[in-house]
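Peer 1: Attaching a single structure in structure tokens format; questions to follow.
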Amino acid sequence: MADLLSQAKTNITLLTQAISCTQKLRSTVTNVFNFLCEGVKPDEDQDNKLEEAEIGSLSKDARKFLQRFQDYLQAVNQDYNEVEKCCNAMQSTTELPLLGPLGLLAVDPTFDKNYFYRDVLVAYQWNQKMHDYAQSSFNFMQSNETKKSIFPGGKRRVRAMPQRFQIVNPQLIHLALSSVQNQVKENVVLKIISSAGETRVIQATVAKVFVATILLHNSVMEKVIVRALSEESFQEAGSYDIVRDSQFECMRRITDHAMAAILEYSTLHQASPELALKYILLWLSSYKTLFIEKCSVCRKHLRDGLPPLWRDFRNPIACHDFCRA
Amino acid sequence: MGVTYVSQWNIPEGKNIQQGVEELQNKAEKLGAKKCGLFVVECESFHSTNAQNLKTLHTIHNSEYPASRFACFEDGSFLVTDVMLGTFLSKLRSVWQPKKGGKIESKGQRYEFGDFIIKIGIVSMGPSTKGIALELEYAPCRFPLDCWELMTEMLHELIDDQAPASLPQVIAQKPDANLAELTALQYIRLFNNLRKASMNR
């Protein structure tokens with residue numbers, strides 16, 4: 001990504017150079033025409049001069065005129081060479097996936113009026129720099145660790161790294177999804193419902209129990225909604241519903257637990273969101289026995305009219321919400 | 001539209017139907033169930049005019065499926081139609097004639113508890129009451145075999161000793177059938193039993 005940016009930068013500087021060169025060329029060409037229009041004397045027009053030059057009998061004025069004309073033409077030639085040099089030095093930018101769909105802003109004709117894309121580029125660069133800085137300072141702090149907790153066994157708090165803009169190739173995400181699907185294929189069926197830019201809606205059907213709708217941004221999970229199999233996931237207009245909660249109490253509670261699980265797994269596996277997605281799906285697949293399994297604590301199916309809805313994040317055994325306390 | 005269990009609730013000795021219904025409603029409310037409207041399940045039976053083919057046709061109207069009517073033939077075939085079924089059958093009067101005393105209905109209070117729907121209805125044939133029908137539905141699940149244990153636990157809490165020991169025959173025979181069909185079939189069985197009981201009396 002960084003070399004793409006530097007490439008774009010050099011292209012932009014070359015473009016500005018080329019524009020100024022073109023302006024120069026235009027002025028020198030205008031100079032030539034102005035010079036020709038003025039002429040030297042009414043009887044000394046260009047053609048006459050050329051003929052005279054051929055026969056080698058030129059007047060003093062005519063020689064002077066020719067000299068100046070040649071100078072002007074040379075200037076034009078020089079400027080033209082410069083423009084050409086700039087053009088040749090420029091690299092093709094068609095394969096630049098700059099900041100994903102934001103790159104389209106760069107080709108927007110209204111770009112001249114607003115500076116969104118330029119600002120975005122600057123923000124992106126700042127973000128990258130900040131991340132690098134945080135990384136290096138984190139490494140530095142690790143090597144010079146000081147213990148500040150007053151408790152003897154006090155654990156050091158792990159601070160989250162600042163977020164980094166991610167630009168991931170869509171094919172890579174599809175590959176990651178299919179590999180995850182292979183690992184959980186016994187209980188979970190994954191289906192990509194729609195993708196708009198970098199956001200994808202994924203439907204995970206867990207055994208014969210429920211359908212989980214996962215909203216992915218790149219490969220980072222943003223939201224999950226759990227609905228019963230009998231509930232309609234598509235709206236009347238045909239679009240996929242990513243807002244409405246389930247009408248069933250137990251599914252709404254599982255949605256809450258799943259959101260907590262997303263936070264838990266995403267924080268644990270910040271560096272590799274695909275791993276977090278895999279763990280979430282494995283965790284969701286532990287719900288395949290939702291209506292069959294009894295609570296591991298009270299050995300009953302029901303408590304307050306609800307089956308055992310809680311599954312621990314590390315050891316997913318069935319348990320009622322209130323039995324885990 | 002979940003898994004449903006329908007059965008008759010036997011009234012304790014020394015109580016009339018009204019008192020029985022109140023007792024059952026109190027039990028449901030004690031569990032934590034909340035009142036949530038009324039319900040009605042109507043059944044009308046027809047018999048064939050063809051002497052060789054003496055089949056019975058039951059049509060069911062369930063307030064849970066307001067836009068549908070269910071038709072069930074005695075040989076096991078089942079049909080889901082729209083609300084025009086009644087008008088259609090009246091046009092076919094030469095083939096299907098309404099049975100005498102064929103109209104029977106279960107009407108009563110609907111309760112919700114968690115994802116369970118409990119319906120306690122008084123079964124009546126015209127002006128005379130026949131008994132009490134209890135319907136328990138577990139809405140989130142669509143597979144009766146999966147959630148049967150869970151439902152039995154709920155039934156034990158609700159009706160103690162009258163809870164069924166095993167899966168009802170209707171469900172056991174076709175566990176993968178349409179859930180609305182299983183409900184309708186259980187109601188037809190219940191209504192038939194009540195009709196027979198009142199004839200034997």
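Going by the structure tokens order, chains are called A, B, ..., each with residues numbered from 1, while ligands are numbered from 1 in the order shown.
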Within 8 Å of Gly37 (chain B), counting only C-alpha atoms, which residues show up once you throw out same-chain ones fewer than 4 positions away? Write them as JSON, numbers by chain, please.

Peer 2: {"B": [109, 110, 111]}

Peer 1: Next, write the just-selected residues to a file, as a CSV table (one decimal), in the first residue's frame, keeping all heavy atoms as the atom set.

Peer 2:
chain,number,residue,atom,x,y,z
B,109,GLN,N,-58.8,-18.4,26.4
B,109,GLN,CA,-57.7,-17.4,26.7
B,109,GLN,C,-56.4,-17.9,26.2
B,109,GLN,O,-56.1,-19.1,26.2
B,109,GLN,CB,-57.6,-17.1,28.2
B,109,GLN,CG,-56.8,-15.9,28.6
B,109,GLN,CD,-57.6,-14.6,28.3
B,109,GLN,OE1,-58.7,-14.5,28.6
B,109,GLN,NE2,-56.9,-13.7,27.8
B,110,ARG,N,-55.6,-16.9,25.7
B,110,ARG,CA,-54.3,-17.3,25.2
B,110,ARG,C,-53.2,-16.6,26.1
B,110,ARG,O,-53.3,-15.5,26.5
B,110,ARG,CB,-54.2,-16.7,23.8
B,110,ARG,CG,-53.0,-17.0,23.0
B,110,ARG,CD,-53.2,-16.3,21.6
B,110,ARG,NE,-52.0,-16.6,20.7
B,110,ARG,CZ,-50.9,-15.9,20.7
B,110,ARG,NH1,-50.8,-14.9,21.6
B,110,ARG,NH2,-50.0,-16.2,19.9
B,111,TYR,N,-52.2,-17.4,26.5
B,111,TYR,CA,-51.2,-16.9,27.4
B,111,TYR,C,-49.8,-17.0,26.7
B,111,TYR,O,-49.6,-17.9,25.9
B,111,TYR,CB,-51.1,-17.8,28.7
B,111,TYR,CG,-52.3,-17.6,29.6
B,111,TYR,CD1,-53.5,-18.3,29.5
B,111,TYR,CD2,-52.2,-16.6,30.6
B,111,TYR,CE1,-54.6,-18.1,30.3
B,111,TYR,CE2,-53.3,-16.4,31.5
B,111,TYR,CZ,-54.5,-17.1,31.3
B,111,TYR,OH,-55.5,-16.9,32.2

Peer 1: Quick one: which chain B residues come within 7 Å of chain A, and what is the nearest atom pair for each with the distance in Å to one decimal, counting only C-alpha atoms, rows ordered by chain and ascending number, as JSON lines?

Peer 2:
{"residue": "B:Phe113", "atom": "CA", "partner": "A:Gly305", "partner_atom": "CA", "distance": 6.1}
{"residue": "B:Gly114", "atom": "CA", "partner": "A:Gly305", "partner_atom": "CA", "distance": 4.9}
{"residue": "B:Asp115", "atom": "CA", "partner": "A:Phe248", "partner_atom": "CA", "distance": 6.0}
{"residue": "B:Pro140", "atom": "CA", "partner": "A:Ala228", "partner_atom": "CA", "distance": 5.7}
{"residue": "B:Cys141", "atom": "CA", "partner": "A:Val209", "partner_atom": "CA", "distance": 6.9}
{"residue": "B:Asp146", "atom": "CA", "partner": "A:Ile292", "partner_atom": "CA", "distance": 5.7}
{"residue": "B:Cys147", "atom": "CA", "partner": "A:Phe291", "partner_atom": "CA", "distance": 5.2}
{"residue": "B:Leu150", "atom": "CA", "partner": "A:His301", "partner_atom": "CA", "distance": 5.6}

Peer 1: Take the residues from that selection and write them out as a PDB file, in the first residue's frame, keeping all heavy atoms.

Peer 2:
ATOM      1  N   PHE B 113     -45.651 -17.260  27.729  1.00  0.00           N
ATOM      2  CA  PHE B 113     -44.676 -17.423  28.799  1.00  0.00           C
ATOM      3  C   PHE B 113     -43.330 -17.724  28.145  1.00  0.00           C
ATOM      4  O   PHE B 113     -43.140 -18.799  27.584  1.00  0.00           O
ATOM      5  CB  PHE B 113     -45.119 -18.572  29.714  1.00  0.00           C
ATOM      6  CG  PHE B 113     -44.138 -18.893  30.796  1.00  0.00           C
ATOM      7  CD1 PHE B 113     -43.603 -17.886  31.602  1.00  0.00           C
ATOM      8  CD2 PHE B 113     -43.747 -20.196  31.036  1.00  0.00           C
ATOM      9  CE1 PHE B 113     -42.698 -18.177  32.606  1.00  0.00           C
ATOM     10  CE2 PHE B 113     -42.846 -20.502  32.039  1.00  0.00           C
ATOM     11  CZ  PHE B 113     -42.318 -19.479  32.814  1.00  0.00           C
ATOM     12  N   GLY B 114     -42.421 -16.743  28.194  1.00  0.00           N
ATOM     13  CA  GLY B 114     -41.174 -16.905  27.444  1.00  0.00           C
ATOM     14  C   GLY B 114     -41.534 -17.054  25.977  1.00  0.00           C
ATOM     15  O   GLY B 114     -42.232 -16.211  25.418  1.00  0.00           O
ATOM     16  N   ASP B 115     -41.097 -18.126  25.376  1.00  0.00           N
ATOM     17  CA  ASP B 115     -41.460 -18.368  23.974  1.00  0.00           C
ATOM     18  C   ASP B 115     -42.579 -19.396  23.865  1.00  0.00           C
ATOM     19  O   ASP B 115     -42.885 -19.874  22.776  1.00  0.00           O
ATOM     20  CB  ASP B 115     -40.234 -18.835  23.197  1.00  0.00           C
ATOM     21  CG  ASP B 115     -39.195 -17.742  23.087  1.00  0.00           C
ATOM     22  OD1 ASP B 115     -39.599 -16.579  22.924  1.00  0.00           O
ATOM     23  OD2 ASP B 115     -38.011 -18.044  23.194  1.00  0.00           O
ATOM     24  N   PRO B 140     -40.116 -21.091  18.911  1.00  0.00           N
ATOM     25  CA  PRO B 140     -38.854 -20.968  18.154  1.00  0.00           C
ATOM     26  C   PRO B 140     -38.405 -22.234  17.445  1.00  0.00           C
ATOM     27  O   PRO B 140     -37.612 -22.170  16.522  1.00  0.00           O
ATOM     28  CB  PRO B 140     -37.813 -20.587  19.217  1.00  0.00           C
ATOM     29  CG  PRO B 140     -38.541 -20.284  20.436  1.00  0.00           C
ATOM     30  CD  PRO B 140     -39.867 -20.936  20.351  1.00  0.00           C
ATOM     31  N   CYS B 141     -38.887 -23.391  17.874  1.00  0.00           N
ATOM     32  CA  CYS B 141     -38.386 -24.642  17.307  1.00  0.00           C
ATOM     33  C   CYS B 141     -39.377 -25.189  16.285  1.00  0.00           C
ATOM     34  O   CYS B 141     -40.588 -25.055  16.435  1.00  0.00           O
ATOM     35  CB  CYS B 141     -38.157 -25.653  18.418  1.00  0.00           C
ATOM     36  SG  CYS B 141     -37.350 -27.136  17.831  1.00  0.00           S
ATOM     37  N   ASP B 146     -36.843 -32.648  18.492  1.00  0.00           N
ATOM     38  CA  ASP B 146     -35.775 -31.938  19.204  1.00  0.00           C
ATOM     39  C   ASP B 146     -36.256 -31.347  20.522  1.00  0.00           C
ATOM     40  O   ASP B 146     -35.550 -31.377  21.514  1.00  0.00           O
ATOM     41  CB  ASP B 146     -35.226 -30.796  18.326  1.00  0.00           C
ATOM     42  CG  ASP B 146     -34.286 -31.320  17.265  1.00  0.00           C
ATOM     43  OD1 ASP B 146     -34.147 -32.549  17.186  1.00  0.00           O
ATOM     44  OD2 ASP B 146     -33.710 -30.501  16.518  1.00  0.00           O
ATOM     45  N   CYS B 147     -37.440 -30.752  20.490  1.00  0.00           N
ATOM     46  CA  CYS B 147     -37.829 -29.987  21.672  1.00  0.00           C
ATOM     47  C   CYS B 147     -38.882 -30.712  22.506  1.00  0.00           C
ATOM     48  O   CYS B 147     -39.481 -30.105  23.383  1.00  0.00           O
ATOM     49  CB  CYS B 147     -38.304 -28.593  21.269  1.00  0.00           C
ATOM     50  SG  CYS B 147     -39.821 -28.604  20.363  1.00  0.00           S
ATOM     51  N   LEU B 150     -38.121 -30.784  26.267  1.00  0.00           N
ATOM     52  CA  LEU B 150     -38.290 -29.440  26.831  1.00  0.00           C
ATOM     53  C   LEU B 150     -39.776 -29.137  27.058  1.00  0.00           C
ATOM     54  O   LEU B 150     -40.171 -28.578  28.080  1.00  0.00           O
ATOM     55  CB  LEU B 150     -37.685 -28.486  25.813  1.00  0.00           C
ATOM     56  CG  LEU B 150     -37.458 -27.039  26.065  1.00  0.00           C
ATOM     57  CD1 LEU B 150     -36.130 -26.670  25.418  1.00  0.00           C
ATOM     58  CD2 LEU B 150     -38.521 -26.219  25.416  1.00  0.00           C
TER      59      LEU B 150
END

Peer 1: Could you work out how far CA of Ser124 (chain B) lies from CA of Phe88 (chain B), giving the answer in Å with one decimal?

Peer 2: 25.3 Å

Peer 1: From the set B:Tyr65, B:Trp9, B:Trp148, B:Phe46, which residue has the shortest atom-to-atom contact distance to Val21 (chain B), counting only C-alpha atoms?

Peer 2: B:Trp9

Peer 1: Pick from B:Lys103, B:Phe39, B:Leu182, B:Ile159: nearest to Arg195 (chain B), with only C-alpha atoms counted?

Peer 2: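 Ranked by minimum distance to Arg195 (chain B), first place goes to B:Lys103.
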
Peer 1: Near Phe313 (chain A), within 9 Å and counting only C-alpha atoms, which residues show up once chain neighbours fewer than 4 positions away are dropped, as a ChimeraX atom specification?

Peer 2: /A:261,264-265,280,283

Peer 1: Save the residues we just selected, N, CA and C atoms, as a CSV table (one decimal), in the first residue's frame?

Peer 2:
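The file below, part_12.csv, is the result:
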chain,number,residue,atom,x,y,z
A,261,ALA,N,-19.8,-12.2,22.6
A,261,ALA,CA,-18.7,-13.1,22.1
A,261,ALA,C,-17.9,-12.4,21.0
A,264,GLU,N,-15.4,-10.3,22.7
A,264,GLU,CA,-14.4,-11.1,23.3
A,264,GLU,C,-13.4,-11.6,22.3
A,265,TYR,N,-13.9,-12.3,21.3
A,265,TYR,CA,-13.0,-12.9,20.3
A,265,TYR,C,-12.2,-11.9,19.5
A,280,ILE,N,-15.9,-17.5,16.5
A,280,ILE,CA,-17.3,-17.2,16.7
A,280,ILE,C,-18.2,-18.2,16.1
A,283,TRP,N,-18.2,-21.2,18.2
A,283,TRP,CA,-19.0,-20.9,19.4
A,283,TRP,C,-20.5,-21.0,19.1

Peer 1: Need the shell around Met199 (chain B): protein/DNA/RNA residues with any atom at most 12 Å away, counting only C-alpha atoms. Skip same-chain ones fewer than 5 positions apart. Format as a list in words?

Peer 2: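 Listing them by chain and then by number gives Gly101, Lys130, Asn192, Asn193 and Leu194 of chain B.
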
Peer 1: Would you write out those residues with C-alpha atoms, as a PDB file, in the first residue's frame?

Peer 2:
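To be explicit, this is the file written out as result.pdb:
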ATOM      1  CA  GLY B 101     -73.800 -31.742  14.926  1.00  0.00           C
ATOM      2  CA  LYS B 130     -67.798 -30.819  26.221  1.00  0.00           C
ATOM      3  CA  ASN B 192     -63.472 -36.745  17.776  1.00  0.00           C
ATOM      4  CA  ASN B 193     -62.682 -38.147  21.214  1.00  0.00           C
ATOM      5  CA  LEU B 194     -64.915 -35.589  22.914  1.00  0.00           C
TER       6      LEU B 194
END

Peer 1: Would you please give, as an mmCIF file with C-alpha atoms, in the first residue's frame, all residues of chain B that DSSP assigns to helix (DSSP H, G or I) based on the backbone?

Peer 2:
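The resulting result.cif:
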data_model
loop_
_atom_site.group_PDB
_atom_site.id
_atom_site.type_symbol
_atom_site.label_atom_id
_atom_site.label_comp_id
_atom_site.auth_asym_id
_atom_site.auth_seq_id
_atom_site.Cartn_x
_atom_site.Cartn_y
_atom_site.Cartn_z
ATOM 1 C CA ILE B 17 -65.914 -26.889 33.543
ATOM 2 C CA GLN B 18 -65.792 -23.218 34.495
ATOM 3 C CA GLN B 19 -64.023 -23.987 37.784
ATOM 4 C CA GLY B 20 -61.647 -26.338 35.956
ATOM 5 C CA VAL B 21 -60.713 -23.619 33.466
ATOM 6 C CA GLU B 22 -60.123 -21.159 36.282
ATOM 7 C CA GLU B 23 -57.861 -23.649 38.054
ATOM 8 C CA LEU B 24 -55.822 -24.219 34.919
ATOM 9 C CA GLN B 25 -55.598 -20.483 34.248
ATOM 10 C CA ASN B 26 -54.400 -19.895 37.804
ATOM 11 C CA LYS B 27 -51.703 -22.526 37.341
ATOM 12 C CA ALA B 28 -50.513 -20.820 34.149
ATOM 13 C CA GLU B 29 -50.511 -17.403 35.789
ATOM 14 C CA LYS B 30 -48.589 -18.736 38.790
ATOM 15 C CA LEU B 31 -45.870 -19.956 36.435
ATOM 16 C CA LEU B 85 -62.974 -23.126 1.427
ATOM 17 C CA GLY B 86 -66.351 -22.834 3.223
ATOM 18 C CA THR B 87 -68.043 -21.154 0.250
ATOM 19 C CA PHE B 88 -66.494 -23.695 -2.076
ATOM 20 C CA LEU B 89 -67.794 -26.615 -0.016
ATOM 21 C CA SER B 90 -71.304 -25.124 0.085
ATOM 22 C CA LYS B 91 -71.256 -25.165 -3.729
ATOM 23 C CA PRO B 144 -40.908 -31.760 17.395
ATOM 24 C CA LEU B 145 -38.388 -34.497 18.144
ATOM 25 C CA ASP B 146 -35.775 -31.938 19.204
ATOM 26 C CA CYS B 147 -37.829 -29.987 21.672
ATOM 27 C CA TRP B 148 -40.177 -32.668 22.954
ATOM 28 C CA GLU B 149 -38.254 -33.168 26.235
ATOM 29 C CA LEU B 150 -38.290 -29.440 26.831
ATOM 30 C CA MET B 151 -42.041 -29.334 26.224
ATOM 31 C CA THR B 152 -42.684 -32.287 28.533
ATOM 32 C CA GLU B 153 -40.871 -30.429 31.295
ATOM 33 C CA MET B 154 -43.160 -27.446 30.735
ATOM 34 C CA LEU B 155 -46.222 -29.698 30.652
ATOM 35 C CA HIS B 156 -45.166 -31.297 33.935
ATOM 36 C CA GLU B 157 -44.993 -27.874 35.511
ATOM 37 C CA LEU B 158 -48.378 -26.955 34.087
ATOM 38 C CA ILE B 159 -50.516 -30.061 34.419
ATOM 39 C CA ASP B 160 -48.436 -32.372 36.656
ATOM 40 C CA ASP B 161 -49.760 -35.891 36.410
ATOM 41 C CA GLN B 162 -51.740 -35.317 33.241
ATOM 42 C CA GLN B 169 -49.125 -40.571 18.106
ATOM 43 C CA VAL B 170 -49.945 -37.911 15.513
ATOM 44 C CA ILE B 171 -46.488 -36.341 15.847
ATOM 45 C CA ALA B 172 -44.665 -39.656 16.149
ATOM 46 C CA GLN B 173 -46.205 -40.856 12.872
ATOM 47 C CA LEU B 179 -46.512 -27.852 11.891
ATOM 48 C CA ALA B 180 -49.932 -26.364 11.132
ATOM 49 C CA GLU B 181 -51.009 -29.800 9.908
ATOM 50 C CA LEU B 182 -49.855 -31.480 13.116
ATOM 51 C CA THR B 183 -51.804 -28.933 15.170
ATOM 52 C CA ALA B 184 -54.950 -29.400 13.098
ATOM 53 C CA LEU B 185 -54.679 -33.188 13.255
ATOM 54 C CA GLN B 186 -54.319 -33.118 17.022
ATOM 55 C CA TYR B 187 -57.399 -30.887 17.315
ATOM 56 C CA ILE B 188 -59.403 -33.207 15.069
ATOM 57 C CA ARG B 189 -58.400 -36.171 17.206
ATOM 58 C CA LEU B 190 -59.327 -34.291 20.375
ATOM 59 C CA PHE B 191 -62.713 -33.205 18.978
ATOM 60 C CA ASN B 192 -63.472 -36.745 17.776
ATOM 61 C CA ASN B 193 -62.682 -38.147 21.214
ATOM 62 C CA LEU B 194 -64.915 -35.589 22.914
ATOM 63 C CA ARG B 195 -67.742 -36.274 20.467
ATOM 64 C CA LYS B 196 -67.482 -40.009 21.084
ATOM 65 C CA ALA B 197 -67.397 -39.494 24.858
ATOM 66 C CA SER B 198 -70.551 -37.368 24.756
ATOM 67 C CA MET B 199 -72.321 -39.971 22.556
ATOM 68 C CA ASN B 200 -71.427 -42.761 24.981
#

Peer 1: Within 10 Å of Leu215 (chain A), counting only C-alpha atoms, which residues show up once you throw out same-chain ones fewer than 3 positions away? Write them as a VMD selection string, please.

Peer 2: chain A and resid 194 to 195 199 to 203 212 218 to 225 242

Peer 1: Could you check how far CA of Ala204 (chain A) sits from CA of Pro308 (chain A), in Å to one decimal?

Peer 2: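 For CA of Ala204 (chain A) relative to CA of Pro308 (chain A), the distance reads 20.7 Å.
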
Peer 1: Env of Glu137 (chain B): 9 Å cut, atoms = only C-alpha atoms, seq-sep filter 6 positions within chain, self excluded. Answer as a ChimeraX atom specification.

Peer 2: /B:1-6,115-119,151

Peer 1: Could you please write out, as a list in words, every residue of region 127-175 of chain B that DSSP assigns to strand (DSSP E or B)?

Peer 2: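 Here is the list: Ser128, Thr129, Lys130, Gly131, Ile132, Ala133, Leu134, Glu135, Leu136, Glu137 and Tyr138 of chain B.
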
Peer 1: Please produce an output containing N, CA and C atoms for each residue in the selection, written as an mmCIF file, in the first residue's frame.

Peer 2:
data_model
loop_
_atom_site.group_PDB
_atom_site.id
_atom_site.type_symbol
_atom_site.label_atom_id
_atom_site.label_comp_id
_atom_site.auth_asym_id
_atom_site.auth_seq_id
_atom_site.Cartn_x
_atom_site.Cartn_y
_atom_site.Cartn_z
ATOM 1 N N SER B 128 -73.798 -26.721 24.136
ATOM 2 C CA SER B 128 -73.326 -27.571 25.231
ATOM 3 C C SER B 128 -71.809 -27.640 25.269
ATOM 4 N N THR B 129 -71.247 -27.547 26.487
ATOM 5 C CA THR B 129 -69.785 -27.631 26.638
ATOM 6 C C THR B 129 -69.385 -29.083 26.818
ATOM 7 N N LYS B 130 -68.223 -29.415 26.233
ATOM 8 C CA LYS B 130 -67.798 -30.819 26.221
ATOM 9 C C LYS B 130 -66.572 -31.088 27.086
ATOM 10 N N GLY B 131 -65.736 -30.090 27.271
ATOM 11 C CA GLY B 131 -64.526 -30.330 28.050
ATOM 12 C C GLY B 131 -63.549 -29.182 27.914
ATOM 13 N N ILE B 132 -62.356 -29.425 28.398
ATOM 14 C CA ILE B 132 -61.331 -28.377 28.347
ATOM 15 C C ILE B 132 -60.173 -28.864 27.467
ATOM 16 N N ALA B 133 -59.753 -27.990 26.541
ATOM 17 C CA ALA B 133 -58.625 -28.326 25.674
ATOM 18 C C ALA B 133 -57.427 -27.478 26.073
ATOM 19 N N LEU B 134 -56.280 -28.122 26.141
ATOM 20 C CA LEU B 134 -55.049 -27.386 26.456
ATOM 21 C C LEU B 134 -54.104 -27.498 25.265
ATOM 22 N N GLU B 135 -53.622 -26.353 24.824
ATOM 23 C CA GLU B 135 -52.648 -26.367 23.725
ATOM 24 C C GLU B 135 -51.380 -25.694 24.214
ATOM 25 N N LEU B 136 -50.260 -26.360 23.996
ATOM 26 C CA LEU B 136 -48.973 -25.766 24.345
ATOM 27 C C LEU B 136 -48.128 -25.695 23.081
ATOM 28 N N GLU B 137 -47.648 -24.481 22.783
ATOM 29 C CA GLU B 137 -46.833 -24.311 21.572
ATOM 30 C C GLU B 137 -45.475 -23.770 21.957
ATOM 31 N N TYR B 138 -44.422 -24.371 21.411
ATOM 32 C CA TYR B 138 -43.087 -23.802 21.590
ATOM 33 C C TYR B 138 -42.665 -23.212 20.255
#

Peer 1: List as a VMD selection string the protein and nucleic acid residues near region 75-79 of chain B, meaning an atom at most 9 Å away when only C-alpha atoms are counted, but skip any in the same chain fewer than 3 places from it.

Peer 2: chain B and resid 55 to 56 69 to 72 181

Peer 1: Would you put the residues from that selection into a file with N, CA and C atoms, as a PDB file, in the first residue's frame?

Peer 2:
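Final output, saved to result_36.pdb:
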ATOM      1  N   LYS B  55     -66.571 -41.343   3.401  1.00  0.00           N
ATOM      2  CA  LYS B  55     -65.431 -40.696   4.064  1.00  0.00           C
ATOM      3  C   LYS B  55     -65.918 -39.434   4.778  1.00  0.00           C
ATOM      4  N   THR B  56     -65.149 -39.023   5.765  1.00  0.00           N
ATOM      5  CA  THR B  56     -65.474 -37.772   6.461  1.00  0.00           C
ATOM      6  C   THR B  56     -64.397 -36.738   6.141  1.00  0.00           C
ATOM      7  N   ARG B  69     -57.422 -21.995   5.788  1.00  0.00           N
ATOM      8  CA  ARG B  69     -58.350 -23.026   6.270  1.00  0.00           C
ATOM      9  C   ARG B  69     -57.683 -24.362   5.997  1.00  0.00           C
ATOM     10  N   PHE B  70     -57.904 -25.305   6.881  1.00  0.00           N
ATOM     11  CA  PHE B  70     -57.278 -26.612   6.696  1.00  0.00           C
ATOM     12  C   PHE B  70     -58.366 -27.644   6.461  1.00  0.00           C
ATOM     13  N   ALA B  71     -58.122 -28.480   5.479  1.00  0.00           N
ATOM     14  CA  ALA B  71     -59.077 -29.557   5.208  1.00  0.00           C
ATOM     15  C   ALA B  71     -58.359 -30.885   5.407  1.00  0.00           C
ATOM     16  N   CYS B  72     -59.000 -31.771   6.147  1.00  0.00           N
ATOM     17  CA  CYS B  72     -58.353 -33.039   6.440  1.00  0.00           C
ATOM     18  C   CYS B  72     -59.311 -34.180   6.119  1.00  0.00           C
ATOM     19  N   GLU B 181     -50.285 -28.542  10.140  1.00  0.00           N
ATOM     20  CA  GLU B 181     -51.009 -29.800   9.908  1.00  0.00           C
ATOM     21  C   GLU B 181     -51.046 -30.629  11.190  1.00  0.00           C
TER      22      GLU B 181
END
